[in-house]
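Student: First the structure, then my questions, so here it is.
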Amino acid sequence: MRSALVYHPHMAAYRFGPGHPLLPERFTLAIELMRAWDLLGGGADQAMEVAPDSATREDLLRVHSEEYVSLVEDERSSARADATHGLGDGDTPRFPAAHEIASLIAGGTCRALDGVLAGEWTTAFAPAGGLHHAHRDRAAGFCVYNDCAIAVAKATAETPGLRVAYVDIDAHHGDGVEAAFYDRADVLTLSVHESGRYLFPGTGASRDVGEGEGRGFAINLPMPPHAGDAEYALALENVIAPAVRAYRPDVIVAQLGADGLASDPLAHLRLTVAGHARLAAGLVELAGELCDGRLAATGGGGYDAFSGTPRAWACAMALLLGTGIPDTLPQRWVELAAASAAAHGFPATRETRTFVETPTLEPDVPAEETHRLAEIAIEQTRAACALLSG
Ligand SMILES: [Zn+2]
């Protein structure tokens, strides 16, 4: 299976500054681990490395307003104008060359998906992408331009009739992507996330199913806090797989945010790296079954940036390639990750194995209760979803 890693080193400049939790190391260390595992290079069983161009203004304007793009471009804009559009102080502060870097990341996700659709490669991974909270007119949740929505909007504009299933397993609701296609039937958006009662952005209830022509083509599964591998396996079996099968997409776009890991400091979920990999593997299998393997994946959130997130995304690259996942982490990568963590004031990672199944803090609710709440959420989503209950 031909596969591509779509990445440009300038993407690592998507950095909000000291103390901000979204760190580019989440994907730079993932790529270093892919390299240490010998997954890159374009040989047999290796992904080819592709450096994309920036998304064009035309691409950006399929999703964002002219006013917003001009504001992001204008580095001397007023604090008030910034604040109106979600930039400046707060979650998504300005950083140097934000427009150029966010456009390059958007270009990467476009290139990944375009290459899949053109048959250049069957699967692709754009690990700096997945900035799923950006809205038409505003930045939000650390996201400036919504690369996922931009890539899908470009692909559907250039190939009328194309059916895209966007599946988002980030801990947070994929609200910006959902909003971009909420009234469209040619793009299914399916987000499995920690319930908005407990986590940003607060949306993504089971009852939110799309509107107009898009009614029934937005699916939301809000998981209870503490949900982990067992609950996500149920979600894959009872919501993701049957919904994507019923939809019959031409291609799957997967946002593989890794902030659902138990080690993540922002969300309250309990996935292990192995559990995250099982979800990614499930999506690869669905693509194989339904759309000749065509799958374009992005990264997303992931705030355990020096261990869990890079391990999860290097596993995803191995799965997209169809190769096995190595058991152990190369010593030189462990040292690199530890040095990188130390340089940013984080505790050094000690993991030497790919899958480290150490339970973290005991949840303050019994595991059976979490499981029961997840079953109820799955039932509610199935009941609300015409693709699953019709
Ligand atoms: Zn997230």
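As shown in the structure tokens, the chain order sets the letters A, B, ...; within each chain, residues go from 1, and ligands are also counted from 1 in the order they appear.
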Could you tell me, counting only C-alpha atoms and all ligand atoms, which protein and nucleic acid residues lie no more than 6 Å from ligand 1, written as JSON, numbers by chain?
Tutor: {"A": [170, 171, 172, 257, 259, 301]}
Student: Write out as a list in words the residues lying within 8 Å of Val334 of chain A, counting only C-alpha atoms and excluding same-chain residues fewer than 3 positions away.
Tutor: Leu329, Pro330, Gln331, Ala337, Ala338, Thr349, Arg350, Glu351 and Thr352 of chain A
Student: Restricted to C-alpha atoms, what would the selected residues look like written as a PDB file, in the first residue's frame?
Tutor:
ATOM      1  CA  LEU A 329      11.017   2.511  21.295  1.00  0.00           C
ATOM      2  CA  PRO A 330      14.505   3.018  19.854  1.00  0.00           C
ATOM      3  CA  GLN A 331      16.890   4.249  22.538  1.00  0.00           C
ATOM      4  CA  ALA A 337      12.105  12.855  23.561  1.00  0.00           C
ATOM      5  CA  ALA A 338      13.557  13.147  27.064  1.00  0.00           C
ATOM      6  CA  THR A 349       9.629  10.503  29.450  1.00  0.00           C
ATOM      7  CA  ARG A 350      10.818   7.134  30.722  1.00  0.00           C
ATOM      8  CA  GLU A 351       8.843   4.891  28.406  1.00  0.00           C
ATOM      9  CA  THR A 352      10.917   2.440  26.412  1.00  0.00           C
TER      10      THR A 352
END
Student: So that I can check the surroundings of Arg332 of chain A, please list as a ChimeraX atom specification every protein, DNA and RNA residue that reaches within 10 Å of it, counting only C-alpha atoms and ignoring chain neighbours fewer than 6 positions away.
Tutor: /A:32-33,36,338
Student: Using DSSP on the backbone, list every residue of segment 207-367 of chain A that comes out as alpha helix (DSSP H), and give them as a PyMOL selection string.
Tutor: chain A and resi 229-235+241-247+273-290+308-321+331-343+367
Student: With a distance cut-off of 7 Å and only C-alpha atoms, select the neighbouring residues of Thr381 of chain A, excluding the residue or stretch itself and same-chain residues fewer than 2 positions from it, and output the selection as number ranges by chain.
Tutor: A: 206, 220-221, 377-379, 383-385
Student: Got a sec: who's within 8 Å of Pro310 of chain A, counting only C-alpha atoms, leaving out chain neighbours fewer than 3 positions off, as a list in words?
Tutor: Arg26, Phe27, Thr28, Leu29, Ala30, Ile31, Leu33, Ala305, Phe306, Ser307, Trp313 and Ala314 of chain A
Student: Those selected residues, please, written with C-alpha atoms and delivered as a short mmCIF file (atom, residue, chain, number, x, y, z; two decimals), in the first residue's frame.
Tutor:
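After the write, out-v3.cif holds the following:
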data_model
loop_
_atom_site.label_atom_id
_atom_site.label_comp_id
_atom_site.auth_asym_id
_atom_site.auth_seq_id
_atom_site.Cartn_x
_atom_site.Cartn_y
_atom_site.Cartn_z
CA ARG A 26 3.64 16.41 19.45
CA PHE A 27 4.17 15.91 15.71
CA THR A 28 7.91 16.57 15.32
CA LEU A 29 8.65 13.80 17.83
CA ALA A 30 6.08 11.57 16.11
CA ILE A 31 7.95 12.04 12.84
CA LEU A 33 9.81 8.10 15.92
CA ALA A 305 3.52 15.90 23.60
CA PHE A 306 6.72 14.12 24.57
CA SER A 307 5.47 10.55 24.88
CA TRP A 313 0.84 8.98 15.75
CA ALA A 314 3.86 6.88 14.84
#
Student: Would you mind listing what lies within 9 Å of segment 227-242 of chain A as a ChimeraX atom specification, with only C-alpha atoms counted and same-chain residues fewer than 2 positions away left out?
Tutor: /A:167,190-192,194,219,221,223-225,244-247,260-262,268-272,274-276,278-279,282-283,286,367,370-371,373-375,378-379,381-382,387-388
Student: Could you pull out the strand (DSSP E or B) residues of segment 137-264 of chain A from DSSP and send them as a list in words?
Tutor: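 Written out, the strand (DSSP E or B) residues of segment 137-264 of chain A are Arg138, Ala140, Cys143, Val164, Ala165, Tyr166, Val167, Asp168, Val187, Leu188, Thr189, Leu190, Ser191, Val192, His193, Glu194, Ala218, Ile219, Asn220, Leu221, Pro222, Met223, Gly228, Val251, Ile252, Val253, Ala254, Gln255 and Leu261 of chain A.
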Student: Restricting the calculation to only C-alpha atoms: of A:Pro52, A:Pro9, A:Gly86, A:Gly17, which residue gets closest to Tyr68 of chain A?
Tutor: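 Comparing A:Pro52, A:Pro9, A:Gly86, A:Gly17 against Tyr68 of chain A, the winner is A:Gly86.
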Student: Which residue gives the smallest distance to Cys148 of chain A among A:Gly119, A:Pro347, A:Pro21, A:Gly107, with only C-alpha atoms counted?
Tutor: A:Gly107
Student: Would you mind reading off the distance between atom CA of Val69 of chain A and atom CA of Glu178 of chain A, one decimal, in Å?
Tutor: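 These two atoms are separated by 19.8 Å.
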Student: Could you state the separation of atom CA of Pro201 of chain A and atom CA of Thr84 of chain A in Å, given to one decimal place?
Tutor: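 That distance, rounded to one decimal, is 17.3 Å.
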Student: Mind running segment 117-192 of chain A against segment 92-99 of chain A at 8 Å and telling me each contacting residue's nearest atom pair with the distance in Å (one decimal), counting only C-alpha atoms, chain and number ascending, as CSV?
Tutor:
residue,atom,partner,partner_atom,distance
A:Ala139,CA,A:Thr92,CA,6.7
A:Ala140,CA,A:Thr92,CA,6.2
A:Gly141,CA,A:Thr92,CA,6.3
A:Phe142,CA,A:Thr92,CA,4.6
A:Cys143,CA,A:Thr92,CA,6.8
A:Val144,CA,A:Thr92,CA,7.5
Student: Save out the residues we just selected, C-alpha atoms, as a PDB file, in the first residue's frame.
Tutor:
ATOM      1  CA  ALA A 139     -10.056  31.271  15.606  1.00  0.00           C
ATOM      2  CA  ALA A 140     -10.870  28.946  18.489  1.00  0.00           C
ATOM      3  CA  GLY A 141      -9.321  26.240  20.611  1.00  0.00           C
ATOM      4  CA  PHE A 142      -5.731  26.791  19.385  1.00  0.00           C
ATOM      5  CA  CYS A 143      -6.875  26.595  15.741  1.00  0.00           C
ATOM      6  CA  VAL A 144      -6.363  29.421  13.226  1.00  0.00           C
TER       7      VAL A 144
END
Student: Rounded to one decimal in Å, what is the spacing between atom CA of Arg197 of chain A and atom CA of Val365 of chain A?
Tutor: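 So the answer is 16.2 Å.
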